[in-house]
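Q: So I've got this file, model12.txt, and it contains compact mmCIF, C-alpha atoms:
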# COMPACT_ATOMS: atom_id res chain seq x y z
CA MET J 1203 -45.24 -103.19 -144.46
CA VAL J 1204 -43.41 -104.88 -141.61
CA ASP J 1205 -45.19 -107.83 -140.00
CA LEU J 1206 -44.59 -107.20 -136.29
CA TYR J 1207 -45.52 -110.75 -135.31
CA ARG J 1208 -43.09 -112.41 -137.74
CA GLU J 1209 -40.27 -109.93 -137.17
CA LEU J 1210 -40.55 -110.13 -133.38
CA ARG J 1211 -40.44 -113.93 -133.55
CA THR J 1212 -37.30 -113.67 -135.72
CA THR J 1213 -35.74 -111.27 -133.22
CA ILE J 1214 -36.49 -113.65 -130.33
CA ARG J 1215 -34.83 -116.47 -132.30
CA THR J 1216 -31.79 -114.62 -133.70
CA GLY J 1217 -31.36 -111.46 -131.63
CA LYS J 1218 -31.50 -110.34 -128.01
CA ILE J 1219 -34.52 -108.93 -126.19
CA VAL J 1220 -35.49 -108.12 -122.62
CA LEU J 1221 -39.07 -108.55 -121.44
CA GLY J 1222 -40.79 -106.42 -118.83
CA TYR J 1223 -40.87 -102.87 -117.61
CA GLU J 1224 -38.41 -103.15 -114.70
CA ARG J 1225 -35.54 -104.60 -116.71
CA SER J 1226 -36.33 -102.53 -119.82
CA ILE J 1227 -36.38 -99.17 -118.03
CA LYS J 1228 -32.97 -99.87 -116.45
CA LEU J 1229 -31.51 -100.56 -119.89
CA VAL J 1230 -33.22 -97.52 -121.42
CA LYS J 1231 -31.62 -95.31 -118.75
CA LEU J 1232 -28.26 -96.74 -119.85
CA GLY J 1233 -29.10 -96.12 -123.51
CA LYS J 1234 -28.70 -99.80 -124.46
CA PRO J 1235 -31.84 -100.78 -126.45
CA LYS J 1236 -32.06 -100.11 -130.18
CA LEU J 1237 -35.87 -100.08 -129.95
CA VAL J 1238 -38.54 -100.29 -127.26
CA ILE J 1239 -41.95 -101.83 -127.94
CA MET J 1240 -44.78 -101.01 -125.55
CA ALA J 1241 -48.32 -102.43 -125.45
CA ALA J 1242 -51.08 -99.87 -126.06
CA ASN J 1243 -52.76 -100.80 -122.77
CA ALA J 1244 -49.66 -100.39 -120.60
CA PRO J 1245 -50.49 -98.69 -117.27
CA VAL J 1246 -50.26 -94.88 -117.35
CA GLU J 1247 -47.23 -94.73 -114.99
CA ILE J 1248 -45.30 -97.19 -117.16
CA LYS J 1249 -46.34 -95.41 -120.36
CA GLU J 1250 -45.19 -92.02 -119.02
CA ASP J 1251 -41.86 -93.39 -117.74
CA ILE J 1252 -41.07 -95.24 -120.97
CA GLU J 1253 -42.03 -92.26 -123.14
CA ARG J 1254 -39.94 -89.86 -121.03
CA TYR J 1255 -36.80 -91.99 -120.85
CA THR J 1256 -36.83 -93.22 -124.46
CA LYS J 1257 -37.11 -89.58 -125.58
CA LEU J 1258 -34.20 -88.54 -123.32
CA ALA J 1259 -32.05 -91.44 -124.52
CA LYS J 1260 -33.16 -90.92 -128.16
CA ILE J 1261 -34.32 -94.54 -128.38
CA PRO J 1262 -37.17 -95.20 -130.82
CA LEU J 1263 -40.46 -96.24 -129.19
CA TYR J 1264 -43.06 -98.32 -130.99
CA VAL J 1265 -46.54 -98.57 -129.46
CA PHE J 1266 -47.95 -102.00 -130.26
CA GLN J 1267 -51.66 -101.63 -131.06
CA GLY J 1268 -52.66 -104.60 -128.97
CA THR J 1269 -52.84 -105.61 -125.34
CA SER J 1270 -50.01 -106.73 -123.10
CA LEU J 1271 -51.57 -110.22 -123.25
CA ASP J 1272 -51.23 -110.15 -127.06
CA LEU J 1273 -47.62 -109.01 -126.73
CA GLY J 1274 -46.92 -111.81 -124.25
CA ALA J 1275 -48.49 -114.34 -126.65
CA ILE J 1276 -46.28 -113.15 -129.53
CA CYS J 1277 -43.27 -113.76 -127.26
CA ASN J 1278 -44.57 -117.25 -126.40
CA LYS J 1279 -45.13 -116.26 -122.78
CA PRO J 1280 -48.21 -117.26 -120.75
CA PHE J 1281 -48.26 -113.85 -119.04
CA MET J 1282 -48.69 -110.17 -119.87
CA VAL J 1283 -45.74 -108.28 -121.34
CA SER J 1284 -46.18 -104.52 -121.38
CA VAL J 1285 -42.68 -103.55 -122.51
CA ILE J 1286 -39.99 -105.19 -124.63
CA ALA J 1287 -36.49 -103.75 -125.06
CA ILE J 1288 -34.77 -104.83 -128.28
CA LEU J 1289 -31.02 -104.98 -127.65
CA ASP J 1290 -30.17 -106.71 -130.92
CA PRO J 1291 -32.74 -107.17 -133.71
CA GLY J 1292 -30.79 -110.15 -135.05
CA GLU J 1293 -31.86 -111.12 -138.58
CA SER J 1294 -35.24 -109.40 -138.31
CA ARG J 1295 -36.41 -106.22 -140.02
CA LEU J 1296 -37.88 -104.92 -136.74
CA MET J 1297 -36.00 -101.62 -136.99
CA ASP J 1298 -37.97 -100.84 -140.17
CA LEU J 1299 -40.99 -100.24 -137.90
CA VAL J 1300 -39.53 -96.96 -136.76
CA LYS J 1301 -37.73 -95.96 -139.94
CA GLY J 1302 -41.06 -95.39 -141.66
CA GLU J 1303 -42.30 -92.96 -138.98
Take the structure from the file and write it as structure tokens.

A:
Amino acid sequence: MVDLYRELRTTIRTGKIVLGYERSIKLVKLGKPKLVIMAANAPVEIKEDIERYTKLAKIPLYVFQGTSLDLGAICNKPFMVSVIAILDPGESRLMDLVKGE
């Protein structure tokens, strides 16, 4: 079982991520992220866009079963984060989240 909290913290420390819908969707359209993580309570428009474009770009999508506030807290941010694009997982085992699906 992959511990999302620990692995995401490792990715932030050793890899490369992009926070937020606007920046993430641009990268998804370019096919850059290795993984996209989206909060379960992301607004419907964001959810639909992310689902559509990750499917088109064949980028794995992981729906975090928490709020965007929880996701922001994991990233050490004092604000809501609805979408995270993982460009480089670094030393983490974050990619194992989607291998098991």

Q: Between CA of Leu1258 in chain J and CA of Met1282 in chain J, what is the distance in Å, rounded to a tenth?

A: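 So the answer is 26.3 Å.
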
Q: May I have the residues within 8 Å of Val1238 in chain J as a list in words, using all atoms listed in the file and disregarding those fewer than 3 positions away in the same chain?

A: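 After dropping sequence-adjacent residues, the list is Pro1235, Thr1256, Ile1261, Pro1262, Leu1263, Tyr1264, Val1285, Ile1286, Ala1287 and Ile1288 of chain J.
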
Q: Go ahead and dump the residues you just picked, C-alpha atoms, as a PDB file, in the frame of the given file.

A:
ATOM      1  CA  PRO J1235     -31.840-100.780-126.450  1.00  0.00           C
ATOM      2  CA  THR J1256     -36.830 -93.220-124.460  1.00  0.00           C
ATOM      3  CA  ILE J1261     -34.320 -94.540-128.380  1.00  0.00           C
ATOM      4  CA  PRO J1262     -37.170 -95.200-130.820  1.00  0.00           C
ATOM      5  CA  LEU J1263     -40.460 -96.240-129.190  1.00  0.00           C
ATOM      6  CA  TYR J1264     -43.060 -98.320-130.990  1.00  0.00           C
ATOM      7  CA  VAL J1285     -42.680-103.550-122.510  1.00  0.00           C
ATOM      8  CA  ILE J1286     -39.990-105.190-124.630  1.00  0.00           C
ATOM      9  CA  ALA J1287     -36.490-103.750-125.060  1.00  0.00           C
ATOM     10  CA  ILE J1288     -34.770-104.830-128.280  1.00  0.00           C
TER      11      ILE J1288
END

Q: Quote the spacing between CA of Val1265 in chain J and CA of Ala1244 in chain J in Å to one decimal place.

A: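 According to the coordinates, CA of Val1265 in chain J and CA of Ala1244 in chain J are separated by 9.6 Å.
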
Q: So how many Å separate CA of Val1246 in chain J and CA of Tyr1223 in chain J, to one decimal?

A: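 Computing the Euclidean distance for CA of Val1246 in chain J and CA of Tyr1223 in chain J yields 12.3 Å.
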